[in-house]
file input_31.tsv (TSV, C-alpha atoms)
chain	number	residue	atom	x	y	z
A	1	MET	CA	-17.09	-24.24	71.96
A	2	ALA	CA	-14.23	-25.44	69.73
A	3	PHE	CA	-15.22	-22.91	67.07
A	4	ALA	CA	-15.29	-20.09	69.61
A	5	ILE	CA	-11.82	-21.06	70.85
A	6	ARG	CA	-10.46	-21.07	67.29
A	7	VAL	CA	-11.85	-17.60	66.60
A	8	ILE	CA	-10.39	-16.24	69.84
A	9	LEU	CA	-6.99	-17.72	68.98
A	10	VAL	CA	-6.99	-16.19	65.50
A	11	ILE	CA	-7.98	-12.78	66.84
A	12	SER	CA	-5.37	-13.02	69.58
A	13	LEU	CA	-2.61	-13.90	67.12
A	14	VAL	CA	-3.48	-10.90	64.98
A	15	ILE	CA	-3.67	-8.46	67.86
A	16	ILE	CA	-0.61	-9.70	69.79
A	17	GLN	CA	1.65	-8.95	66.84
A	18	GLN	CA	0.57	-5.33	66.45
A	19	ASN	CA	2.39	-2.25	67.67
A	20	SER	CA	1.96	-0.72	71.13
A	21	ASP	CA	-1.40	0.77	70.20
A	22	ALA	CA	-2.76	-2.66	69.30
A	23	GLN	CA	-5.51	-2.64	71.88
A	24	GLU	CA	-7.18	0.19	69.97
A	25	LEU	CA	-6.96	-1.68	66.67
A	26	ILE	CA	-10.44	-3.10	66.77
A	27	LYS	CA	-12.96	-3.82	69.49
A	28	LEU	CA	-14.10	-7.42	69.23
A	29	GLN	CA	-15.77	-8.05	72.57
A	30	LYS	CA	-19.17	-8.00	70.86
A	31	PRO	CA	-18.65	-8.25	67.09
A	32	ARG	CA	-21.78	-6.71	65.60
A	33	LEU	CA	-21.82	-8.81	62.46
A	34	ARG	CA	-21.78	-11.98	64.54
A	35	ASN	CA	-25.57	-11.60	64.90
A	36	CYS	CA	-25.81	-12.23	61.16
A	37	ARG	CA	-24.45	-15.73	61.83
A	38	PHE	CA	-22.36	-15.88	58.69
A	39	ASP	CA	-20.48	-19.17	58.56
A	40	LYS	CA	-18.49	-18.27	55.43
A	41	ILE	CA	-17.42	-15.16	53.53
A	42	TYR	CA	-16.46	-15.08	49.86
A	43	GLN	CA	-14.55	-12.07	48.53
A	44	PHE	CA	-13.97	-11.06	44.90
A	45	GLY	CA	-11.97	-7.98	44.01
A	46	ASP	CA	-8.60	-6.33	43.50
A	47	SER	CA	-5.81	-4.95	45.71
A	48	ILE	CA	-8.31	-3.38	48.10
A	49	SER	CA	-9.14	-6.95	49.19
A	50	ASP	CA	-6.34	-9.29	48.03
A	51	THR	CA	-4.87	-11.20	50.97
A	52	GLY	CA	-2.26	-13.13	49.00
A	53	ASN	CA	-3.39	-14.28	45.54
A	54	CYS	CA	-1.23	-11.96	43.44
A	55	ILE	CA	1.96	-13.05	45.19
A	56	ARG	CA	1.08	-16.65	44.27
A	57	GLU	CA	0.80	-15.84	40.55
A	58	PRO	CA	4.39	-15.84	39.23
A	59	LEU	CA	4.04	-12.90	36.82
A	60	CYS	CA	1.88	-10.83	39.15
A	61	GLN	CA	4.21	-11.58	42.05
A	62	SER	CA	7.32	-10.53	40.17
A	63	HIS	CA	5.85	-7.10	39.39
A	64	SER	CA	3.96	-6.46	42.63
A	65	ASP	CA	5.24	-3.87	45.09
A	66	CYS	CA	3.08	-5.55	47.75
A	67	ARG	CA	5.28	-8.65	47.84
A	68	LYS	CA	8.02	-7.04	49.89
A	69	HIS	CA	8.73	-5.00	52.98
A	70	PRO	CA	7.43	-2.59	54.23
A	71	TYR	CA	4.08	-3.99	53.07
A	72	GLY	CA	2.56	-5.98	55.91
A	73	MET	CA	4.88	-4.41	58.47
A	74	ASN	CA	2.06	-4.11	61.01
A	75	PHE	CA	0.44	-7.44	60.19
A	76	TYR	CA	0.92	-10.79	61.93
A	77	GLN	CA	4.51	-11.98	61.35
A	78	ASN	CA	4.94	-9.18	58.76
A	79	ALA	CA	3.14	-11.33	56.19
A	80	MET	CA	3.29	-10.00	52.63
A	81	GLY	CA	0.56	-9.95	50.02
A	82	ARG	CA	-1.73	-7.29	51.45
A	83	CYS	CA	-1.32	-3.90	49.77
A	84	SER	CA	-1.17	-1.98	53.03
A	85	ASP	CA	0.90	-1.84	56.19
A	86	GLY	CA	-1.51	-4.28	57.83
A	87	MET	CA	-5.09	-5.46	57.74
A	88	LEU	CA	-7.65	-4.66	55.04
A	89	MET	CA	-11.37	-3.97	55.25
A	90	ILE	CA	-12.20	-7.61	54.51
A	91	ASP	CA	-10.07	-8.62	57.51
A	92	PHE	CA	-12.05	-6.35	59.82
A	93	ILE	CA	-15.34	-7.55	58.33
A	94	ALA	CA	-14.35	-11.20	58.88
A	95	LEU	CA	-13.32	-10.58	62.49
A	96	GLU	CA	-16.46	-8.55	63.17
A	97	SER	CA	-18.41	-11.56	61.87
A	98	GLY	CA	-16.66	-13.79	64.41
A	99	LEU	CA	-14.75	-15.60	61.66
A	100	PRO	CA	-11.04	-16.15	61.00
A	101	LEU	CA	-9.30	-14.08	58.33
A	102	LEU	CA	-10.00	-15.31	54.79
A	103	ASN	CA	-7.27	-17.31	53.11
A	104	PRO	CA	-6.38	-16.58	49.47
A	105	TYR	CA	-7.69	-19.07	46.92
A	106	LYS	CA	-4.22	-19.58	45.46
A	107	ASP	CA	-2.91	-20.91	48.77
A	108	ARG	CA	-3.74	-24.54	48.06
A	109	SER	CA	-2.68	-25.67	51.53
A	110	ALA	CA	-5.09	-23.26	53.23
A	111	ASN	CA	-8.23	-24.00	55.21
A	112	PHE	CA	-11.33	-22.74	53.38
A	113	ARG	CA	-13.84	-23.88	55.98
A	114	HIS	CA	-14.97	-20.30	56.61
A	115	GLY	CA	-14.78	-18.92	53.08
A	116	VAL	CA	-12.34	-17.94	50.36
A	117	ASN	CA	-10.71	-14.75	49.14
A	118	PHE	CA	-10.56	-14.73	45.33
A	119	ALA	CA	-9.38	-11.10	44.98
A	120	VAL	CA	-6.20	-10.37	43.02
A	121	ALA	CA	-4.23	-7.14	43.24
A	122	GLY	CA	-4.16	-5.24	39.96
A	123	CYS	CA	-7.02	-7.12	38.37
A	124	THR	CA	-9.86	-5.55	36.41
A	125	GLY	CA	-13.56	-6.27	36.14
A	126	ILE	CA	-13.47	-6.72	32.37
A	127	SER	CA	-11.06	-8.97	30.49
A	128	ASP	CA	-7.72	-7.89	29.07
A	129	GLU	CA	-9.17	-8.44	25.58
A	130	ILE	CA	-11.94	-5.88	26.15
A	131	MET	CA	-9.38	-3.56	27.71
A	132	ALA	CA	-7.21	-3.85	24.60
A	133	GLU	CA	-10.21	-3.06	22.38
A	134	ASN	CA	-10.42	0.22	24.27
A	135	LYS	CA	-6.65	0.70	23.89
A	136	ILE	CA	-6.02	0.35	27.63
A	137	PHE	CA	-3.46	-2.12	28.88
A	138	ASN	CA	-3.26	-3.91	32.20
A	139	THR	CA	0.11	-3.00	33.67
A	140	ALA	CA	-0.28	-5.21	36.75
A	141	PHE	CA	0.59	-8.43	34.90
A	142	THR	CA	-2.46	-10.45	35.93
A	143	ASN	CA	-5.38	-11.59	33.81
A	144	SER	CA	-7.38	-12.72	36.85
A	145	SER	CA	-10.40	-10.57	36.02
A	146	LEU	CA	-13.76	-10.92	37.75
A	147	THR	CA	-14.78	-13.62	35.28
A	148	VAL	CA	-11.65	-15.63	36.10
A	149	GLN	CA	-12.29	-15.26	39.83
A	150	LEU	CA	-15.86	-16.47	39.31
A	151	ASP	CA	-14.50	-19.49	37.45
A	152	TRP	CA	-12.28	-20.20	40.48
A	153	MET	CA	-15.39	-20.00	42.64
A	154	SER	CA	-17.15	-22.47	40.37
A	155	SER	CA	-14.26	-24.93	40.63
A	156	HIS	CA	-14.10	-24.49	44.39
A	157	PHE	CA	-17.80	-25.19	44.83
A	158	GLU	CA	-17.67	-28.21	42.54
A	159	ASN	CA	-15.12	-29.68	44.93
A	160	THR	CA	-16.78	-28.62	48.19
A	161	CYS	CA	-20.54	-28.65	47.77
A	162	ASN	CA	-21.32	-29.85	44.23
A	163	THR	CA	-25.14	-30.19	44.00
A	164	ASP	CA	-25.75	-29.10	47.60
A	165	CYS	CA	-24.39	-25.54	47.26
A	166	ARG	CA	-27.68	-23.71	47.69
A	167	LYS	CA	-28.19	-25.22	51.13
A	168	LYS	CA	-24.56	-24.86	52.23
A	169	LEU	CA	-24.32	-21.21	51.13
A	170	LYS	CA	-27.49	-20.10	52.87
A	171	LYS	CA	-25.53	-18.52	55.73
A	172	SER	CA	-22.70	-17.13	53.60
A	173	LEU	CA	-21.81	-13.52	52.81
A	174	PHE	CA	-20.54	-12.60	49.33
A	175	LEU	CA	-18.63	-9.42	48.52
A	176	VAL	CA	-18.49	-8.82	44.77
A	177	GLY	CA	-15.88	-6.08	44.72
A	178	GLU	CA	-14.68	-3.47	44.95
A	179	ILE	CA	-13.79	-4.34	41.37
A	180	GLY	CA	-14.02	-2.52	38.08
A	181	GLY	CA	-11.92	0.45	39.13
A	182	ASN	CA	-8.51	-0.54	37.81
A	183	GLU	CA	-9.53	-0.35	34.16
A	184	PHE	CA	-10.26	3.33	34.72
A	185	ASN	CA	-7.11	3.83	36.79
A	186	TYR	CA	-4.98	2.34	34.02
A	187	GLY	CA	-6.84	4.40	31.43
A	188	LEU	CA	-6.20	7.65	33.28
A	189	LEU	CA	-2.51	6.85	33.70
A	190	GLN	CA	-2.29	5.98	29.99
A	191	GLY	CA	-3.73	9.31	28.90
A	192	LYS	CA	-7.40	8.47	28.35
A	193	SER	CA	-9.86	11.30	28.87
A	194	ILE	CA	-12.70	11.07	31.36
A	195	GLU	CA	-15.16	11.16	28.45
A	196	GLU	CA	-13.47	8.13	26.90
A	197	LEU	CA	-13.67	6.29	30.22
A	198	ARG	CA	-17.35	7.15	30.66
A	199	LYS	CA	-18.07	5.18	27.50
A	200	MET	CA	-16.57	2.09	29.15
A	201	VAL	CA	-18.78	2.27	32.24
A	202	PRO	CA	-21.71	0.24	30.79
A	203	ILE	CA	-19.55	-2.78	29.92
A	204	VAL	CA	-17.87	-2.73	33.33
A	205	ILE	CA	-21.25	-2.52	35.09
A	206	GLN	CA	-22.59	-5.30	32.89
A	207	THR	CA	-19.65	-7.51	33.90
A	208	ILE	CA	-20.27	-6.88	37.61
A	209	ILE	CA	-23.99	-7.61	37.24
A	210	HIS	CA	-23.16	-10.84	35.42
A	211	GLY	CA	-20.94	-11.74	38.37
A	212	ILE	CA	-23.80	-11.11	40.79
A	213	LYS	CA	-26.03	-13.38	38.73
A	214	ARG	CA	-23.46	-16.17	38.88
A	215	VAL	CA	-23.13	-16.09	42.66
A	216	ILE	CA	-26.94	-16.01	42.98
A	217	ASP	CA	-27.17	-19.05	40.70
A	218	PHE	CA	-24.85	-20.91	43.07
A	219	GLY	CA	-27.06	-20.10	46.03
A	220	ALA	CA	-25.84	-16.77	47.43
A	221	THR	CA	-28.58	-14.96	49.35
A	222	ARG	CA	-26.64	-12.09	50.97
A	223	ILE	CA	-24.43	-10.08	48.65
A	224	ILE	CA	-22.58	-6.78	49.03
A	225	VAL	CA	-21.50	-4.93	45.89
A	226	PRO	CA	-19.13	-2.05	46.70
A	227	GLY	CA	-18.75	1.00	44.49
A	228	ASN	CA	-15.60	2.98	43.83
A	229	PHE	CA	-13.69	5.33	46.12
A	230	PRO	CA	-13.40	9.06	45.32
A	231	ILE	CA	-10.31	8.69	43.14
A	232	GLY	CA	-9.77	12.44	43.10
A	233	CYS	CA	-8.58	12.15	46.71
A	234	ILE	CA	-5.85	9.59	46.02
A	235	PRO	CA	-2.19	10.76	45.93
A	236	ILE	CA	-1.32	8.95	42.68
A	237	PHE	CA	-3.89	11.04	40.81
A	238	LEU	CA	-3.47	14.20	42.86
A	239	ALA	CA	0.23	14.14	41.96
A	240	GLY	CA	-0.31	13.07	38.35
A	241	PHE	CA	-3.03	15.62	37.59
A	242	ARG	CA	-1.77	18.48	39.73
A	243	THR	CA	-2.90	21.88	38.46
A	244	ASP	CA	-2.61	25.53	39.42
A	245	ASP	CA	-6.33	25.98	38.77
A	246	SER	CA	-7.86	26.25	42.25
A	247	ASN	CA	-11.33	25.65	40.77
A	248	ALA	CA	-10.26	22.09	39.94
A	249	TYR	CA	-10.26	21.19	43.64
A	250	ASP	CA	-13.10	20.80	46.12
A	251	GLU	CA	-13.16	21.96	49.74
A	252	TYR	CA	-11.19	18.86	50.79
A	253	HIS	CA	-8.48	19.54	48.17
A	254	CYS	CA	-9.57	16.59	46.02
A	255	LEU	CA	-9.86	16.80	42.23
A	256	LYS	CA	-13.49	17.45	41.36
A	257	ASP	CA	-13.49	15.98	37.85
A	258	LEU	CA	-12.09	12.65	39.02
A	259	ASN	CA	-14.49	12.45	41.96
A	260	ASN	CA	-17.37	13.27	39.63
A	261	PHE	CA	-16.31	10.33	37.48
A	262	SER	CA	-16.42	8.06	40.54
A	263	ILE	CA	-19.92	9.37	41.29
A	264	PHE	CA	-20.94	8.73	37.66
A	265	PHE	CA	-19.73	5.13	37.87
A	266	ASN	CA	-21.29	4.54	41.29
A	267	ASN	CA	-24.66	5.95	40.22
A	268	HIS	CA	-24.79	3.57	37.27
A	269	LEU	CA	-23.79	0.66	39.49
A	270	GLN	CA	-26.51	1.52	42.01
A	271	GLN	CA	-29.12	1.72	39.26
A	272	ALA	CA	-28.10	-1.71	37.99
A	273	ILE	CA	-28.24	-3.14	41.52
A	274	ASP	CA	-31.73	-1.69	42.01
A	275	GLU	CA	-32.85	-3.44	38.83
A	276	MET	CA	-31.36	-6.70	40.11
A	277	LYS	CA	-33.27	-6.34	43.37
A	278	LYS	CA	-36.55	-6.20	41.46
A	279	LYS	CA	-35.71	-9.45	39.70
A	280	HIS	CA	-34.54	-11.17	42.90
A	281	PRO	CA	-36.76	-9.91	45.74
A	282	ASN	CA	-35.71	-12.76	48.03
A	283	ILE	CA	-32.01	-11.90	47.77
A	284	THR	CA	-30.40	-9.37	50.12
A	285	LEU	CA	-28.39	-7.27	47.67
A	286	ILE	CA	-26.59	-4.26	49.17
A	287	TYR	CA	-24.60	-1.47	47.58
A	288	GLY	CA	-21.38	-0.89	49.54
A	289	ASP	CA	-20.96	2.87	49.61
A	290	TYR	CA	-17.17	3.21	49.56
A	291	TYR	CA	-17.42	6.74	48.22
A	292	ASN	CA	-19.39	8.20	51.12
A	293	ALA	CA	-17.50	6.05	53.62
A	294	PHE	CA	-14.26	7.67	52.50
A	295	MET	CA	-15.66	11.21	52.39
A	296	TRP	CA	-17.08	10.81	55.90
A	297	PHE	CA	-13.71	9.54	57.06
A	298	LEU	CA	-11.76	12.34	55.37
A	299	GLN	CA	-14.00	14.94	57.01
A	300	ASN	CA	-13.56	13.40	60.47
A	301	ALA	CA	-10.03	12.00	60.31
A	302	VAL	CA	-8.37	14.73	62.38
A	303	GLY	CA	-10.84	14.05	65.20
A	304	PHE	CA	-9.80	10.38	65.06
A	305	GLY	CA	-6.15	11.32	65.60
A	306	PHE	CA	-4.91	11.52	62.01
A	307	ASP	CA	-2.31	14.14	61.07
A	308	LYS	CA	-4.14	17.16	59.63
A	309	ASN	CA	-1.15	17.97	57.41
A	310	SER	CA	-0.98	14.48	55.88
A	311	LEU	CA	-4.59	13.64	55.00
A	312	LEU	CA	-3.80	13.37	51.27
A	313	LYS	CA	-0.17	12.35	51.64
A	314	ALA	CA	1.34	8.86	51.25
A	315	CYS	CA	2.98	7.44	54.37
A	316	CYS	CA	5.35	5.29	52.34
A	317	GLY	CA	6.70	7.24	49.38
A	318	THR	CA	9.05	9.87	48.05
A	319	GLY	CA	8.75	13.37	46.74
A	320	GLY	CA	7.56	15.13	49.86
A	321	GLY	CA	5.30	18.08	49.19
A	322	ASP	CA	1.54	17.77	49.31
A	323	TYR	CA	1.32	14.09	48.32
A	324	ASN	CA	4.73	12.40	48.90
A	325	TYR	CA	4.24	10.26	45.80
A	326	ASN	CA	6.54	9.54	42.88
A	327	ILE	CA	5.32	6.87	40.47
A	328	ARG	CA	8.95	6.08	39.49
A	329	LYS	CA	10.06	5.51	43.07
A	330	ARG	CA	7.22	3.87	44.92
A	331	CYS	CA	6.78	2.24	48.30
A	332	GLY	CA	8.92	-0.89	48.44
A	333	PHE	CA	11.63	0.53	46.17
A	334	PRO	CA	15.15	0.85	47.64
A	335	GLY	CA	15.58	4.03	49.63
A	336	VAL	CA	11.87	4.78	49.96
A	337	GLU	CA	11.06	5.54	53.57
A	338	VAL	CA	8.00	4.91	55.71
A	339	CYS	CA	6.50	7.65	57.86
A	340	ALA	CA	7.16	7.46	61.60
A	341	ASN	CA	3.57	6.58	62.52
A	342	PRO	CA	1.39	5.00	59.79
A	343	SER	CA	-1.64	5.08	62.11
A	344	THR	CA	-1.79	8.88	61.67
A	345	TYR	CA	-1.94	8.62	57.86
A	346	ILE	CA	-4.95	7.77	55.70
A	347	ASN	CA	-2.93	6.75	52.67
A	348	TRP	CA	-0.25	4.09	52.79
A	349	ASP	CA	1.55	4.08	49.43
A	350	GLY	CA	-0.14	6.66	47.22
A	351	ILE	CA	-2.81	4.20	46.08
A	352	HIS	CA	-3.92	2.06	49.01
A	353	MET	CA	-4.83	2.99	52.56
A	354	THR	CA	-3.31	2.22	55.92
A	355	GLN	CA	-4.61	-0.40	58.31
A	356	GLU	CA	-5.87	2.36	60.60
A	357	ALA	CA	-7.82	3.97	57.77
A	358	TYR	CA	-9.31	0.64	56.70
A	359	LYS	CA	-10.45	0.09	60.29
A	360	TYR	CA	-12.55	3.25	60.24
A	361	LEU	CA	-13.86	2.61	56.74
A	362	ALA	CA	-14.91	-0.91	57.74
A	363	LYS	CA	-16.68	0.49	60.79
A	364	TRP	CA	-18.66	2.97	58.67
A	365	LEU	CA	-19.58	0.29	56.15
A	366	ILE	CA	-20.70	-2.15	58.84
A	367	ASP	CA	-22.85	0.55	60.44
A	368	ASP	CA	-24.36	1.30	57.03
A	369	MET	CA	-24.93	-2.33	56.05
A	370	LEU	CA	-26.28	-3.79	59.29
A	371	PRO	CA	-29.84	-2.44	59.00
A	372	GLN	CA	-30.03	-3.72	55.42
A	373	LEU	CA	-28.78	-7.18	56.38
A	374	ASN	CA	-31.67	-7.68	58.83
A	375	CYS	CA	-29.49	-9.54	61.30
A	376	HIS	CA	-31.56	-8.66	64.39
A	377	VAL	CA	-28.66	-6.85	66.06

call {"tool": "encode", "arguments": {"input": "input_31.tsv", "output": "structure tokens"}}
result
Amino acid sequence: MAFAIRVILVISLVIIQQNSDAQELIKLQKPRLRNCRFDKIYQFGDSISDTGNCIREPLCQSHSDCRKHPYGMNFYQNAMGRCSDGMLMIDFIALESGLPLLNPYKDRSANFRHGVNFAVAGCTGISDEIMAENKIFNTAFTNSSLTVQLDWMSSHFENTCNTDCRKKLKKSLFLVGEIGGNEFNYGLLQGKSIEELRKMVPIVIQTIIHGIKRVIDFGATRIIVPGNFPIGCIPIFLAGFRTDDSNAYDEYHCLKDLNNFSIFFNNHLQQAIDEMKKKHPNITLIYGDYYNAFMWFLQNAVGFGFDKNSLLKACCGTGGGDYNYNIRKRCGFPGVEVCANPSTYINWDGIHMTQEAYKYLAKWLIDDMLPQLNCHV
């Protein structure tokens, strides 16, 4: 009963602080993931999932746009650290599981009874050293790669479960990613060709698979490994690689070559996951299909109430036009305005999505994952 009361209080605090349309934010009367009976969730990743680690790393914090208003403007007490106007997919997944929101690992005063968020905005899957070998440089000022996050996990478990981890993690859910996308994002912005980036895919996939092995070794039995979004639909790249060649765009006005690269990466990740499943038949290992979740959402967004003229446009940005994105004057910079109603925009700042978009993406992913989780819903 005490646990149920705590969950209700957390959910209430989140919802009370929302705007007037808060009641439509998320329906939690019967959270579908609650049937899975997860008692903890562990998240690894980058800015898609970071709930406050970057802003607790001095160098990362000093260079992060997400540390200041208007980021978090629709979140409880306008808390900073999430790269959106409000909640992220991991927040919706936690609440749908009947659990409180995950606290960031770097918040040493936090309660980690129901899991930990290790994700760090701007991080990569591979190390900065491997990035440098490929002449790509991490411009987010964090070296908290997937390997570093896994080391944090190891330290955390040594302090919390030690030799009894396998038993204590039996009811836990692990999300290894989305991670491994920023190295390609940085490469594209630094002038690397898609062919050059394709050559990096095997080492990134290998790093993710190694991460999966590590969490399995600790006792993880239910693991979700998300792929990459269709990066050809993101304003930062649509603005940066704008062309007059109409053949470069698909029917949704996304850049085909960049989306094809995302598909290439995701296909290799899925193949590697399938191989892992053969080696670990007793582990529930699920590919999180971010690509198709986003494409489904983009195709149906107008029906959900999103502005048909702003589907590929940043809510918080400058430049107007098709994308409202200027890399030299980004969201959070002085004079950069926020759109009147973020809940009608898919994209928040040219890179990340709005709370309302993440809500629908989380819903699609939960619907897709539930049958594979065998939770007897």

call {"tool": "residues_near_point", "arguments": {"input": "input_31.tsv", "point": "(-16.0, -8.4, 55.8)", "cutoff": "9 Å", "atoms": "all atoms listed in the file", "output": "ChimeraX atom specification"}}
result
/A:33,41-43,89-97,173-175,362,366

call {"tool": "residues_around", "arguments": {"input": "input_31.tsv", "residues": "A:Leu59", "least_positions_apart": "3", "cutoff": "12 Å", "atoms": "all atoms listed in the file", "output": "list in words"}}
result
Asn53, Cys54, Ile55, Arg56, Ser62, His63, Ser64, Arg67, Ala121, Gly122, Thr139, Ala140, Phe141, Thr142, Asn143 and Ser144 of chain A

call {"tool": "residues_near_point", "arguments": {"input": "input_31.tsv", "point": "(0.4, -9.0, 52.4)", "cutoff": "8 Å", "atoms": "all atoms listed in the file", "output": "tab-separated table (two decimals) with C-alpha atoms, in the coordinates of the input"}}
result
chain	number	residue	atom	x	y	z
A	51	THR	CA	-4.87	-11.20	50.97
A	52	GLY	CA	-2.26	-13.13	49.00
A	66	CYS	CA	3.08	-5.55	47.75
A	67	ARG	CA	5.28	-8.65	47.84
A	71	TYR	CA	4.08	-3.99	53.07
A	72	GLY	CA	2.56	-5.98	55.91
A	75	PHE	CA	0.44	-7.44	60.19
A	78	ASN	CA	4.94	-9.18	58.76
A	79	ALA	CA	3.14	-11.33	56.19
A	80	MET	CA	3.29	-10.00	52.63
A	81	GLY	CA	0.56	-9.95	50.02
A	82	ARG	CA	-1.73	-7.29	51.45
A	83	CYS	CA	-1.32	-3.90	49.77
A	84	SER	CA	-1.17	-1.98	53.03
A	86	GLY	CA	-1.51	-4.28	57.83

call {"tool": "atom_distance", "arguments": {"input": "input_31.tsv", "atom1": "atom CA of A:Glu178", "atom2": "atom CA of A:Gly45"}}
result
5.3 Å

call {"tool": "closest_residue", "arguments": {"input": "input_31.tsv", "among": "A:Ala132, A:Met353, A:Val201, A:Leu255", "to": "A:Leu88", "atoms": "all atoms listed in the file"}}
result
A:Met353

call {"tool": "closest_atom_pairs", "arguments": {"input": "input_31.tsv", "of": "stretch 188-250 of chain A", "to": "stretch 294-308 of chain A", "cutoff": "10 Å", "atoms": "all atoms listed in the file", "output": "tab-separated table"}}
result
residue	atom	partner	partner_atom	distance
A:Asn228	CA	A:Phe294	CA	9.9
A:Phe229	CA	A:Phe294	CA	6.8
A:Pro230	CA	A:Phe294	CA	7.4
A:Cys233	CA	A:Met295	CA	9.1

call {"tool": "residues_around", "arguments": {"input": "input_31.tsv", "residues": "A:Ser172", "least_positions_apart": "6", "cutoff": "6 Å", "atoms": "only C-alpha atoms", "output": "list in words"}}
result
Phe38, Asp39, Lys40 and Ile41 of chain A

call {"tool": "closest_residue", "arguments": {"input": "input_31.tsv", "among": "A:Val148, A:Cys316, A:Ala293, A:Met153", "to": "A:Ala357", "atoms": "all atoms listed in the file"}}
result
A:Ala293

call {"tool": "residues_around", "arguments": {"input": "input_31.tsv", "residues": "A:Ile346", "least_positions_apart": "2", "cutoff": "10 Å", "atoms": "all atoms listed in the file", "output": "PyMOL selection string"}}
result
chain A and resi 234+294+297-298+301+306-307+310-315+342-344+348-350+352-358+360
